[in-house]
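Have a look at the structure below, then the notes.
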There are 2 protein chains.
Amino acid sequence: MKTLLLNRSEVASLLDMDRVIAAVEDAYRAFARGEVLQPPIMSIELPERNGEIDFKGGYCRSNDVISMKGASGFWDNLKDRGIPNSLSTVLLFDGTTGALTCVMDGSLITGYRTGAAGGISAKHLARPESSCIAIIGAGMQGRMQIRALSRVLPIKDVFVWDSYAQALPPYKEEMERELGVSVHACATPEEAVRGADAVVTATPGTKPFVEKSWIRPGTHIVAVGADMEGKQELDAALFAGAKIVVDSIAQCTSRGETRNAIEQGVIAPKDIHAEIGEILLGKKPGRENAQEITIFDTTGMAVQDNLTAAAVYESAKTKGLGLWHEFMR
Amino acid sequence: MKTLLLNRSEVASLLDMDRVIAAVEDAYRAFARGEVLQPPIMSIELPERNGEIDFKGGYCRSNDVISMKGASGFWDNLKDRGIPNSLSTVLLFDGTTGALTCVMDGSLITGYRTGAAGGISAKHLARPESSCIAIIGAGMQGRMQIRALSRVLPIKDVFVWDSYAQALPPYKEEMERELGVSVHACATPEEAVRGADAVVTATPGTKPFVEKSWIRPGTHIVAVGADMEGKQELDAALFAGAKIVVDSIAQCTSRGETRNAIEQGVIAPKDIHAEIGEILLGKKPGRENAQEITIFDTTGMAVQDNLTAAAVYESAKTKGLGLWHEFMR
């Protein structure tokens, strides 16, 4: 009953956005088919530390794996101690025996599976010819989203804004080199958003950055940042009349951007068009015309971590990566 | 940012019941002082596997440690696969940075901290001269409870019953040798319980084993087994007129033996005398006379795991035990 330990660079070497997109699509389908047990997220918030840790656990019948991810954000780490603000660990357990099969660094798992979520939404909800993307937030997730979107859309131009302007030159340099797109650093969110075919918000913001009047018909919006009470990136008015798709109704109405729109009385829960898995299963339509504004609200589900990490674990075994450790000895 | 890995035998070498009793007393006090964040337990139940896994997470301000324990019970493991039914892993995180400081095998942590809970309750709620103990369930916890009770009571005789009679001879041999007490194997629960000064129920039972008419005035009862909906070991009528003490009102009224008594209309939540930490802090009395029947209902709290595992981690660092692993490399 040994446990495989995978560190960050080993996980990095095994992650590939196309495979993560496939894993997350499987995850959404399994969730929509009712093959997933996914209890509410366990959060421990430590405001006196400017930190929080979220535990997301779940079981997926299709791979018979139980997963548990602890993901923390301690926002003074980098400036005060020179260590990353966001840290994460994923545990995998055998769904037949409960045995701990794998402990892996989870920081890249979250990044990839969240990026993949945006990509999957764009595949089904963006206009297929979308070539101009606005990115609000030039951090890790602003990179992951473009990596994923570039797999499913013919991206030519990326207009990026960040409240921390120094983040823009490295973002431009890195993404242009990696993806062969043109990246344009913007001075305001409005400059980034106006004229975009798809808009991605990926900040830890608590006030709306994106106004309804800037968004033209046919735009697809990916709302990534807001994943807990108090976070908001979109003008709630954007939800009125939009086609709203979520990863999980339960999560998005309790801690996503959708929650804000409901709280502010702009929509009711019944106005949510679908969970994304229902679209992947063909139970509900994705985009139906070139005019509608679509919003994908993602809070991130345990089952995404589960299938992504389980795929990494299987690849590691195949390639002989990682260190086996016997905790039961 | 290395992480210390501790396997079962390393954890075993660092656990000592007196020190665990001290750690769990600290845990109960911290909980009663409001220094603990302890979100609801996350449970994943897999009836088709005859298994379950519970995740208990918590933060304690006094040691600035975040803990997460995954504890599984897959009840066909031993008979079908020759591996333990109960498996457990504890993670510790630095409460200032969120960094993963330790991954340890948790099977003994649960055993010791649950035993310690019974011992602490007996110290404050059993008659001090209690020498005759009934144990219902001759498993691991039936052993841990006697180990802990023997630290706080002058035990001479242990009357033990188990639905699996073959469990009794090894229990007798082991406990007599280890603790110098006389162990008497009983054919029925009634034979074990009648005349006992303290009664411990430590089975995974779902129907009451212990009837009210068998219990004499002055008895202390430790209800260990029932820790989730559907589990029961005591006749609910026992709660009427008893002094009821719990580890956590929130947990015991939702998943403990106390829940059963409330559901069956025997008591109301207001009839709970105290959380044990309130007694340790001197805010509420323990036993007040030789006649009262006391019941301690324990469902097990994350903060017990937290302080017990954190003490093990500190001892391991002092003694240079375990393997340091760099997950962030």
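Residues in the structure tokens are numbered from 1 in each chain, the chains being A, B, ... in the order shown, and ligands are numbered from 1 in the order shown.
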
Secondary structure check, strand (DSSP E or B) residues of stretch 1-127 of chain B, as a PyMOL selection string: chain B and resi 3-6+36-37+42-46+51-60+65-74+86-94+100-105

Quick one: which stretch 255-329 of chain B residues come within 9 Å of stretch 50-74 of chain B, and what is the nearest atom pair for each with the distance in Å to one decimal, counting only C-alpha atoms, rows ordered by chain and ascending number, as a tab-separated table?
residue	atom	partner	partner_atom	distance
B:Met301	CA	B:Lys56	CA	7.3
B:Ala302	CA	B:Lys56	CA	5.2
B:Val303	CA	B:Gly58	CA	6.0
B:Asp305	CA	B:Lys69	CA	7.4
B:Asn306	CA	B:Ser67	CA	5.3
B:Leu307	CA	B:Asn63	CA	7.7
B:Ala309	CA	B:Ser67	CA	8.3
B:Ala310	CA	B:Val65	CA	7.4

Atom-to-atom span, atom CA of B:Val210 and atom CA of B:Glu257, Å: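 These atoms are spaced 12.2 Å apart.
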
Alpha helix (DSSP H) residues, from DSSP on the backbone, in stretch 30-136 of chain A, as a VMD selection string: chain A and resid 30 to 32 107 to 125

Contact set, chain A to chain B: 8 Å, only C-alpha atoms, as a PyMOL selection string: chain A and resi 5-9+37-40+42-44+49+51-53+57-59+72-74+77+85+87+89+95-100+104-105+326-329

Stretch 170-177 of chain B surroundings by only C-alpha atoms, 8 Å radius, close-in-sequence under 4 positions cut, as a list in words: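 The neighbour list is Ala138, Gly139, Arg143, Gln166, Val181, Ser182, Val183, His184 and Ala185 of chain B.
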
For B:Phe31: contacts at 10 Å, only C-alpha atoms, fewer than 3 positions along chain excluded, given as a PyMOL selection string: chain B and resi 25-28+34-38+60-61+247-248+275-278+301+303-304

Writer output for current selection, C-alpha atoms, as a compact mmCIF listing (two decimals), in the first residue's frame:
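New file out.txt:
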# COMPACT_ATOMS: atom_id res chain seq x y z
CA GLU B 25 -7.38 18.68 27.28
CA ASP B 26 -5.66 21.66 25.67
CA ALA B 27 -7.83 21.07 22.59
CA TYR B 28 -11.06 21.05 24.58
CA GLY B 34 -13.40 30.08 21.05
CA GLU B 35 -9.84 29.72 19.75
CA VAL B 36 -10.76 27.03 17.26
CA LEU B 37 -12.16 27.18 13.74
CA GLN B 38 -13.72 23.86 12.95
CA CYS B 60 -6.31 26.27 16.42
CA ARG B 61 -5.10 29.72 17.32
CA ASP B 247 -17.38 17.19 23.05
CA SER B 248 -19.24 19.53 20.67
CA GLU B 275 -19.35 20.77 26.43
CA ILE B 276 -16.42 19.06 28.14
CA GLY B 277 -14.17 22.08 27.61
CA GLU B 278 -16.50 24.19 29.74
CA MET B 301 -13.33 16.86 16.82
CA VAL B 303 -9.11 20.13 17.12
CA GLN B 304 -8.25 16.88 18.94

Surrounding residues of A:Ser315 excluding itself and chain neighbours under 3 positions, 10 Å, only C-alpha atoms, as a ChimeraX atom specification: /A:11,13-15,309-312,318-321

Among listed residues A:Thr101, A:Leu125, A:Ile155, A:Gln251, nearest A:His273 (using only C-alpha atoms):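 Nearest candidate to A:His273 out of A:Thr101, A:Leu125, A:Ile155, A:Gln251: A:Leu125.
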
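Nearest-residue note for B:Thr3: choosing from B:Ala242, B:Cys102, B:Ala167, B:Ala316, the minimum distance belongs to B:Cys102, counting only C-alpha atoms.
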
Contact residues around A:Thr298 with only C-alpha atoms at 7 Å, ignoring same-chain residues under 3 positions, as a PyMOL selection string: chain A and resi 223-224+246-247+252+256

Residue contacts of B:Arg255 (8 Å, only C-alpha atoms) excluding same-chain residues fewer than 5 positions away, as a ChimeraX atom specification: /B:226-229,299
